[in-house]
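Peer 1: Below is the file run.txt, with compact mmCIF, C-alpha atoms.
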# COMPACT_ATOMS: atom_id res chain seq x y z
CA MET A 7 141.48 78.25 162.87
CA ASN A 8 138.84 76.70 165.12
CA GLN A 9 135.10 76.73 164.71
CA PRO A 10 134.15 79.18 167.51
CA GLU A 11 136.51 81.72 165.94
CA LEU A 12 134.89 81.20 162.54
CA ILE A 13 131.43 81.62 164.09
CA ASP A 14 132.58 84.87 165.75
CA ARG A 15 133.81 86.14 162.40
CA ILE A 16 130.49 85.22 160.77
CA LYS A 17 128.60 87.12 163.48
CA ASN A 18 130.89 90.12 163.01
CA GLY A 19 130.17 90.10 159.28
CA ASP A 20 133.76 89.40 158.19
CA PRO A 21 133.57 89.07 154.37
CA SER A 22 136.66 86.84 154.12
CA VAL A 23 135.25 84.18 156.44
CA PHE A 24 133.59 82.31 153.57
CA ASN A 25 136.95 81.52 151.93
CA ASP A 26 138.26 80.11 155.20
CA ILE A 27 135.12 78.00 155.69
CA VAL A 28 135.57 76.54 152.20
CA GLU A 29 139.24 75.79 152.81
CA GLN A 30 138.56 74.15 156.17
CA THR A 31 135.54 72.09 155.28
CA LYS A 32 135.89 71.25 151.57
CA LYS A 33 137.32 67.75 152.19
CA MET A 34 134.62 66.98 154.73
CA VAL A 35 131.85 68.08 152.33
CA TYR A 36 133.35 66.35 149.30
CA ASN A 37 133.96 63.05 151.11
CA THR A 38 130.50 62.91 152.63
CA ALA A 39 128.89 63.64 149.28
CA LEU A 40 131.17 61.14 147.56
CA SER A 41 130.30 58.36 150.01
CA ILE A 42 126.58 58.93 149.55
CA VAL A 43 126.30 59.48 145.79
CA GLN A 44 129.32 57.31 144.87
CA SER A 45 130.28 59.46 141.88
CA GLU A 46 133.17 61.93 141.80
CA GLU A 47 131.45 64.18 139.27
CA ASP A 48 128.23 64.40 141.29
CA ALA A 49 130.19 64.92 144.52
CA GLU A 50 131.97 67.90 142.90
CA ASP A 51 128.63 69.43 141.92
CA ILE A 52 127.18 68.85 145.38
CA THR A 53 130.26 70.41 147.02
CA GLN A 54 129.80 73.57 144.96
CA ASP A 55 126.05 73.69 145.68
CA VAL A 56 126.64 73.19 149.41
CA PHE A 57 129.03 76.12 149.60
CA ILE A 58 126.70 78.32 147.56
CA GLU A 59 123.94 77.55 150.08
CA VAL A 60 126.34 78.20 152.96
CA TYR A 61 127.27 81.57 151.40
CA GLU A 62 123.64 82.55 150.86
CA ASN A 63 122.60 81.63 154.41
CA LEU A 64 125.70 82.68 156.30
CA ASP A 65 124.00 85.80 157.66
CA GLY A 66 121.23 83.66 159.12
CA PHE A 67 123.64 81.32 160.93
CA ARG A 68 123.44 82.15 164.61
CA GLY A 69 125.66 79.39 165.96
CA ALA A 70 122.84 77.39 167.54
CA SER A 71 124.59 74.25 166.30
CA GLN A 72 128.19 73.69 165.36
CA LEU A 73 129.24 75.06 161.99
CA SER A 74 130.33 71.59 160.83
CA THR A 75 126.98 70.07 161.90
CA TRP A 76 125.15 72.69 159.83
CA ILE A 77 127.37 72.07 156.79
CA TYR A 78 127.11 68.29 157.17
CA ARG A 79 123.31 68.60 157.26
CA ILE A 80 123.26 70.65 154.05
CA THR A 81 125.61 68.15 152.39
CA VAL A 82 123.54 65.10 153.33
CA ASN A 83 120.33 66.78 152.15
CA LYS A 84 121.87 67.87 148.86
CA ALA A 85 123.31 64.40 148.23
CA LEU A 86 119.99 62.69 148.94
CA ASP A 87 118.13 65.23 146.78
CA LEU A 88 120.45 64.57 143.87
CA GLU A 89 120.02 60.82 144.26
CA LYS A 90 116.24 61.21 144.29
CA LYS A 91 116.41 63.39 141.17
CA LYS A 92 118.62 60.88 139.36
CA LYS A 93 116.37 58.00 140.33
CA ARG A 94 113.35 59.90 139.04
CA GLN A 95 115.10 60.63 135.74
CA LYS A 96 116.18 57.00 135.46
CA ASN A 97 112.68 55.63 136.07
CA GLY A 98 111.02 58.43 134.10
CA GLY A 99 111.05 57.17 130.54
CA LEU A 100 108.49 54.46 129.80
CA LEU A 101 110.42 53.36 126.72
CA LYS A 102 113.59 53.26 128.80
CA GLN A 103 111.90 50.97 131.30
CA ILE A 104 110.52 48.66 128.62
CA PHE A 105 113.74 48.33 126.64
CA SER A 106 116.14 48.49 129.59
CA ILE A 107 118.45 45.48 129.52
CA LYS A 108 120.10 46.19 132.87
CA PRO A 109 117.90 46.15 136.01
CA ALA A 110 117.27 49.75 137.16
CA ASP A 111 118.35 49.19 140.77
CA GLU A 112 121.66 47.44 140.10
CA PRO A 113 124.40 49.73 141.50
CA VAL A 114 127.58 50.23 139.50
CA ASN A 115 131.06 49.60 140.94
CA PHE A 116 132.53 52.56 142.79
CA ASN A 117 136.16 52.86 143.82
CA HIS A 118 136.72 55.40 146.57
CA PRO A 119 139.95 57.28 145.75
CA GLY A 120 141.15 57.31 149.36
CA VAL A 121 140.97 53.56 150.02
CA LEU A 122 144.17 51.55 150.48
CA LEU A 123 145.07 49.41 147.49
CA ASP A 124 144.66 46.12 149.43
CA ASN A 125 141.10 47.05 150.39
CA LYS A 126 139.93 48.40 147.02
CA GLU A 127 137.89 45.35 146.04
CA LYS A 128 136.30 44.91 149.47
CA ALA A 129 135.49 48.62 149.72
CA ALA A 130 133.83 48.50 146.29
CA THR A 131 131.72 45.55 147.50
CA LEU A 132 130.83 47.49 150.66
CA PHE A 133 129.74 50.55 148.66
CA LYS A 134 127.66 48.36 146.38
CA ALA A 135 125.90 46.84 149.39
CA LEU A 136 125.48 50.27 150.98
CA LYS A 137 123.48 51.47 147.97
CA LYS A 138 120.87 48.84 148.73
CA LEU A 139 120.22 50.05 152.30
CA PRO A 140 117.40 52.46 153.18
CA LYS A 141 118.67 56.04 153.01
CA ASN A 142 118.58 56.81 156.76
CA GLN A 143 120.59 53.69 157.59
CA ARG A 144 123.02 54.49 154.79
CA VAL A 145 123.55 58.05 155.98
CA ALA A 146 124.08 56.96 159.60
CA PHE A 147 126.54 54.22 158.59
CA THR A 148 128.44 56.54 156.20
CA LEU A 149 128.79 59.31 158.76
CA HIS A 150 129.92 56.91 161.48
CA LYS A 151 132.14 54.44 159.63
CA ILE A 152 133.51 56.61 156.84
CA GLU A 153 133.46 60.10 158.34
CA GLY A 154 134.25 58.84 161.83
CA LEU A 155 131.55 60.86 163.59
CA SER A 156 130.12 59.93 166.97
CA TYR A 157 126.48 58.86 167.40
CA GLN A 158 125.83 62.17 169.19
CA GLU A 159 127.11 64.19 166.23
CA ILE A 160 125.11 62.04 163.81
CA SER A 161 121.94 62.58 165.84
CA GLU A 162 122.47 66.36 165.60
CA ILE A 163 123.09 66.21 161.85
CA MET A 164 120.09 63.98 161.19
CA GLU A 165 118.00 65.90 163.74
CA THR A 166 116.95 62.74 165.52
CA SER A 167 117.50 61.13 168.91
CA LEU A 168 120.62 59.28 170.00
CA TYR A 169 118.52 56.14 170.45
CA ALA A 170 117.26 56.40 166.85
CA VAL A 171 120.84 56.63 165.56
CA GLU A 172 121.86 53.56 167.57
CA SER A 173 118.88 51.70 166.16
CA LEU A 174 119.73 52.82 162.60
CA MET A 175 123.31 51.63 163.03
CA VAL A 176 122.26 48.20 164.33
CA ARG A 177 119.85 47.76 161.43
CA ALA A 178 122.42 49.01 158.93
CA LYS A 179 125.06 46.56 160.16
CA THR A 180 122.60 43.65 160.18
CA GLY A 181 121.40 44.54 156.69
CA LEU A 182 124.91 44.90 155.34
CA LYS A 183 126.02 41.59 156.84
CA LYS A 184 123.10 39.83 155.19
CA LEU A 185 123.76 41.49 151.83
CA LEU A 186 127.48 40.72 151.96
CA GLU A 187 126.90 37.09 152.98
CA ASN A 188 124.53 36.62 150.05
CA TYR A 189 127.01 38.32 147.73
CA TYR A 190 129.99 36.18 148.77
CA GLN A 191 127.94 32.97 148.72
CA SER A 192 126.79 33.75 145.17
CA GLN A 193 130.42 34.26 144.12
CA VAL A 194 131.50 30.70 145.07
CA MET B 13 132.62 28.50 151.71
CA ASN B 14 132.49 27.62 155.42
CA LYS B 15 130.74 29.82 157.97
CA THR B 16 133.88 31.06 159.75
CA LYS B 17 135.57 32.09 156.53
CA LEU B 18 132.41 33.83 155.35
CA ALA B 19 132.03 35.72 158.65
CA THR B 20 135.69 36.83 158.49
CA LEU B 21 135.27 38.02 154.90
CA VAL B 22 132.14 39.98 155.82
CA GLU B 23 133.88 41.61 158.81
CA GLU B 24 136.89 42.51 156.67
CA THR B 25 134.58 44.08 154.09
CA LEU B 26 132.75 46.08 156.75
CA ASP B 27 136.11 47.37 158.01
CA SER B 28 137.55 48.01 154.55
CA MET B 29 137.13 51.78 154.92
CA ASN B 30 139.28 51.85 158.07
CA GLY B 31 142.45 53.82 157.43
CA ALA B 32 141.09 55.26 154.19
CA GLN B 33 142.32 58.73 153.34
CA ARG B 34 140.00 61.60 152.64
CA ALA B 35 139.57 62.33 148.96
CA GLU B 36 140.10 65.90 147.81
CA PRO B 37 137.89 67.86 145.46
CA ALA B 38 139.43 69.12 142.22
CA PRO B 39 141.61 72.24 142.52
CA TYR B 40 140.28 75.81 142.23
CA LEU B 41 137.08 74.97 144.10
CA LEU B 42 136.57 78.59 145.19
CA THR B 43 136.92 79.84 141.61
CA ARG B 44 134.34 77.31 140.44
CA ILE B 45 131.97 78.24 143.27
CA ASN B 46 132.30 81.93 142.36
CA ALA B 47 131.72 81.16 138.68
CA LYS B 48 128.59 79.17 139.52
CA MET B 49 127.28 81.94 141.78
CA ASN B 50 127.85 84.59 139.10
CA ARG B 51 126.21 82.56 136.36
CA GLU B 52 123.37 84.50 134.84
CA ILE B 53 119.98 83.67 136.31
CA PRO B 54 117.47 82.94 133.49
CA SER B 55 114.54 85.36 133.12
CA ALA B 56 110.96 84.31 133.86
CA TRP B 57 110.19 83.89 130.12
CA GLU B 58 113.31 81.76 129.61
CA ARG B 59 112.28 79.58 132.55
CA ILE B 60 108.75 79.21 131.16
CA SER B 61 110.04 78.29 127.69
CA LEU B 62 112.49 75.83 129.20
CA TYR B 63 109.63 74.26 131.18
CA LEU B 64 107.36 74.04 128.14
CA SER B 65 110.09 72.56 125.96
CA ARG B 66 110.41 69.52 128.20
CA PRO B 67 109.25 66.49 126.15
CA GLY B 68 106.71 65.34 128.74
CA ILE B 69 105.10 68.77 129.08
CA ALA B 70 105.13 69.39 125.29
CA ILE B 71 103.43 66.04 124.52
CA VAL B 72 100.75 66.60 127.16
CA ALA B 73 100.12 70.15 125.87
CA VAL B 74 99.76 68.99 122.24
CA ALA B 75 97.45 66.14 123.28
CA PHE B 76 95.34 68.60 125.28
CA LEU B 77 95.05 70.98 122.30
CA ILE B 78 94.03 68.13 119.96
CA ILE B 79 91.35 66.93 122.41
CA LEU B 80 90.11 70.51 122.90
CA ASN B 81 89.82 70.96 119.13
CA LEU B 82 87.87 67.72 118.77
CA VAL B 83 85.48 68.71 121.58
CA ILE B 84 84.87 72.18 120.09
CA TYR B 85 84.40 70.73 116.57
CA SER B 86 81.86 68.11 117.69
CA PHE B 87 80.00 70.68 119.83
CA ASN B 88 79.73 73.06 116.85
CA ASN B 89 78.40 70.27 114.63
CA THR B 90 75.64 69.49 117.14
CA ILE B 91 74.61 73.16 117.24
CA THR B 92 74.54 73.36 113.42
CA ASP B 93 72.31 70.26 113.21
CA ILE B 94 69.86 71.70 115.73
CA ASN B 95 69.78 75.06 113.90
CA LEU B 96 69.13 73.36 110.56
CA GLN B 97 66.29 71.35 112.08
CA ASN B 98 64.75 74.54 113.51
CA LEU B 99 65.04 76.37 110.17
CA GLN B 100 63.53 73.44 108.34
CA GLY B 101 60.66 73.36 110.84
CA ALA B 102 60.00 77.07 110.38
CA ALA B 103 60.17 76.79 106.61
CA ASP B 104 57.65 73.93 106.62
CA GLU B 105 55.33 75.82 108.95
CA TYR B 106 55.15 78.86 106.67
CA SER B 107 55.12 76.74 103.52
CA MET B 108 58.22 78.43 102.25
CA ASN B 109 59.29 75.34 100.38
CA ASN B 110 55.96 74.98 98.59
CA SER B 111 56.45 75.74 94.89
CA SER B 112 52.70 76.42 94.43
CA SER B 113 52.86 79.48 96.64
CA LEU B 114 51.23 82.66 95.38
CA PHE B 115 54.46 84.45 95.82
CA ASP B 116 56.46 81.92 93.83
CA LEU B 117 58.15 83.91 91.11
CA GLU B 118 58.57 80.91 88.86
CA ASN B 119 54.81 80.28 88.80
CA ILE B 120 53.68 82.85 86.32
CA GLN B 121 50.22 81.33 85.72
CA PRO B 122 47.31 83.19 87.49
Is it possible to give me this structure as C-alpha cells?
Peer 2:
Amino acid sequence: MNQPELIDRIKNGDPSVFNDIVEQTKKMVYNTALSIVQSEEDAEDITQDVFIEVYENLDGFRGASQLSTWIYRITVNKALDLEKKKKRQKNGGLLKQIFSIKPADEPVNFNHPGVLLDNKEKAATLFKALKKLPKNQRVAFTLHKIEGLSYQEISEIMETSLYAVESLMVRAKTGLKKLLENYYQSQV
Amino acid sequence: MNKTKLATLVEETLDSMNGAQRAEPAPYLLTRINAKMNREIPSAWERISLYLSRPGIAIVAVAFLIILNLVIYSFNNTITDINLQNLQGAADEYSMNNSSSLFDLENIQP
C-alpha cells in the first residue's frame, strides 16, 4: 500500500489505518532510532513512543508533508530527547562524577545487527566516531548514509534548507575523517 | 601507517554501512504499543508524590525546612529578649522589684 492511499484512509477516518502504518514503517522507525541512540533496548522504546504519538496525532495529520517525513521527524526528535535525558541522568550525580573511573563522554561499542560480518568492526568504529559529532551533523549523516535518504528529504525532516543539509554533510564527513584518522593512528 | 593506507581505511570505514540490512524490532510490536497506550495514567497525587520522592527534590525540601526552622527559632529568641528588656524596664520604673515597697507583703514592719 502506498503513502497517498494511507493518507486518504487517515483523512476518511479509517480505524484500521494505524495498524497498516505500523506494519509499513516499523523498520524505518526502529532503524533510525537505533542508528541515533545506538542501543537496541532504547530503540525499541522509542519505536513504541513514536507510534503512540502517531496514533494520538493521526487526526491532526492533514498530509501537508509526506507521512514518512512526519514519522521520521517524530523519530529523530524522540531519539534526541532520549539521548539528552540519558546524558542529564549520567551527569546528574555529583558523587558519580567525582568517583567515575570511566570518562563520561566515552561512547561504548555498538554493533548494528544489520551490518555484514566483514564490516562489523569498521561499522562499530564508525558508530563510535558518529557519537562524537554535533547532533545535527549526526542526524544528517545517519539519514543520508544509513537510511539512504536524499538531501531534499533530509531538509524536509530537519525543517531546514537544502543548502544547510549540504553544509551539515560536508562538516560531518570532514569531522568523521579527522576522528577516524586520529583513531587509526592511535591504534598503531 | 602510511597516508594512502590510512586514507583507504578511513574511506572503507565511512562506507562500512553500505549494503547493511535493516534491523527489525522485536515481534508483537503492535501488542506492546497497545499495552503501553492502555497502561494506567497515574493520578495527580501519585505524580506529586513521585516528584517529591526524587532524591534531589527530597534533599532540597528537607534542607529548606531545616533552614526555615532555624530562621523562625532565632527570630523568636530576638523577640523574647526585647520583651524581657521592656518588662524589666517597666518593673524598674514602677519600683516593682524594690523589696522596701509599702505593698511588700514580706515587710511586716510599719
Peer 1: Write out as JSON an axis-aligned box for segment 126-130 of chain A: all of its atoms listed in the file, 8 Å added on each side, centre and edge lengths in Å with one decimal.
Peer 2:
{"center_x": 136.9, "center_y": 46.8, "center_z": 147.9, "size_x": 22.1, "size_y": 19.7, "size_z": 19.7}
Peer 1: May I have the residues within 12 Å of Glu127 of chain A as number ranges by chain, using only C-alpha atoms and disregarding those fewer than 3 positions away in the same chain?
Peer 2: A: 115-118, 121-124, 130-134; B: 21, 24-26, 28-29
Peer 1: Please identify all residues of chain A having at least one atom at most 8 Å from any atom of chain B, considering all atoms listed in the file, and return them as a ChimeraX atom specification.
Peer 2: /A:25,28,32-34,36-37,50,54-55,57-58,118-122,125-126,128-129,131-132,151-152,183,186-187,190-191,194
Peer 1: Interatomic distance between atom CA of Leu182 of chain A and atom CA of Leu86 of chain A?
Peer 2: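 Separation between atom CA of Leu182 of chain A and atom CA of Leu86 of chain A: 19.5 Å.
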Peer 1: Enter the distance from atom CA of Arg79 of chain A to atom CA of Pro39 of chain B, in Å, rounded to one decimal.
Peer 2: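 Between atom CA of Arg79 of chain A and atom CA of Pro39 of chain B the gap is 23.8 Å.
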Peer 1: Kindly give the distance, in Å, that separates atom CA of Ser107 of chain B and atom CA of Thr92 of chain B, rounded to a single decimal.
Peer 2: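 Separation between atom CA of Ser107 of chain B and atom CA of Thr92 of chain B: 22.1 Å.
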Peer 1: Which residue, A:Gly19, A:Gln95, A:Asn188, A:Lys137, has the smallest gap to Phe67 of chain A when you use all atoms listed in the file?
Peer 2: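 Ranked by minimum distance to Phe67 of chain A, first place goes to A:Gly19.
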Peer 1: For segment 16-29 of chain B in the structure I just supplied, write out N, CA and C atoms - as a PDB file, in the first residue's frame.
Peer 2:
ATOM      1  N   THR B  16      48.411   6.813   2.410  1.00  0.00           N
ATOM      2  CA  THR B  16      47.484   6.171   1.465  1.00  0.00           C
ATOM      3  C   THR B  16      46.689   5.075   2.163  1.00  0.00           C
ATOM      4  N   LYS B  17      47.383   4.285   2.952  1.00  0.00           N
ATOM      5  CA  LYS B  17      46.718   3.185   3.656  1.00  0.00           C
ATOM      6  C   LYS B  17      45.685   3.732   4.652  1.00  0.00           C
ATOM      7  N   LEU B  18      46.084   4.810   5.325  1.00  0.00           N
ATOM      8  CA  LEU B  18      45.193   5.432   6.306  1.00  0.00           C
ATOM      9  C   LEU B  18      43.936   5.988   5.623  1.00  0.00           C
ATOM     10  N   ALA B  19      44.152   6.661   4.487  1.00  0.00           N
ATOM     11  CA  ALA B  19      43.011   7.234   3.749  1.00  0.00           C
ATOM     12  C   ALA B  19      42.070   6.133   3.270  1.00  0.00           C
ATOM     13  N   THR B  20      42.636   5.017   2.810  1.00  0.00           N
ATOM     14  CA  THR B  20      41.807   3.888   2.345  1.00  0.00           C
ATOM     15  C   THR B  20      40.998   3.324   3.508  1.00  0.00           C
ATOM     16  N   LEU B  21      41.646   3.161   4.638  1.00  0.00           N
ATOM     17  CA  LEU B  21      40.984   2.613   5.830  1.00  0.00           C
ATOM     18  C   LEU B  21      39.829   3.516   6.285  1.00  0.00           C
ATOM     19  N   VAL B  22      40.081   4.816   6.235  1.00  0.00           N
ATOM     20  CA  VAL B  22      39.045   5.776   6.636  1.00  0.00           C
ATOM     21  C   VAL B  22      37.859   5.703   5.671  1.00  0.00           C
ATOM     22  N   GLU B  23      38.151   5.646   4.364  1.00  0.00           N
ATOM     23  CA  GLU B  23      37.076   5.558   3.363  1.00  0.00           C
ATOM     24  C   GLU B  23      36.264   4.280   3.532  1.00  0.00           C
ATOM     25  N   GLU B  24      36.987   3.177   3.777  1.00  0.00           N
ATOM     26  CA  GLU B  24      36.297   1.890   3.979  1.00  0.00           C
ATOM     27  C   GLU B  24      35.389   1.952   5.209  1.00  0.00           C
ATOM     28  N   THR B  25      35.862   2.625   6.242  1.00  0.00           N
ATOM     29  CA  THR B  25      35.055   2.748   7.470  1.00  0.00           C
ATOM     30  C   THR B  25      33.814   3.602   7.203  1.00  0.00           C
ATOM     31  N   LEU B  26      34.007   4.686   6.455  1.00  0.00           N
ATOM     32  CA  LEU B  26      32.862   5.556   6.142  1.00  0.00           C
ATOM     33  C   LEU B  26      31.819   4.820   5.301  1.00  0.00           C
ATOM     34  N   ASP B  27      32.287   3.865   4.484  1.00  0.00           N
ATOM     35  CA  ASP B  27      31.357   3.112   3.634  1.00  0.00           C
ATOM     36  C   ASP B  27      30.928   1.779   4.251  1.00  0.00           C
ATOM     37  N   SER B  28      31.285   1.556   5.507  1.00  0.00           N
ATOM     38  CA  SER B  28      31.018   0.242   6.113  1.00  0.00           C
ATOM     39  C   SER B  28      29.531  -0.060   6.281  1.00  0.00           C
ATOM     40  N   MET B  29      28.689   0.968   6.223  1.00  0.00           N
ATOM     41  CA  MET B  29      27.245   0.718   6.353  1.00  0.00           C
ATOM     42  C   MET B  29      26.582   0.448   5.007  1.00  0.00           C
TER      43      MET B  29
END
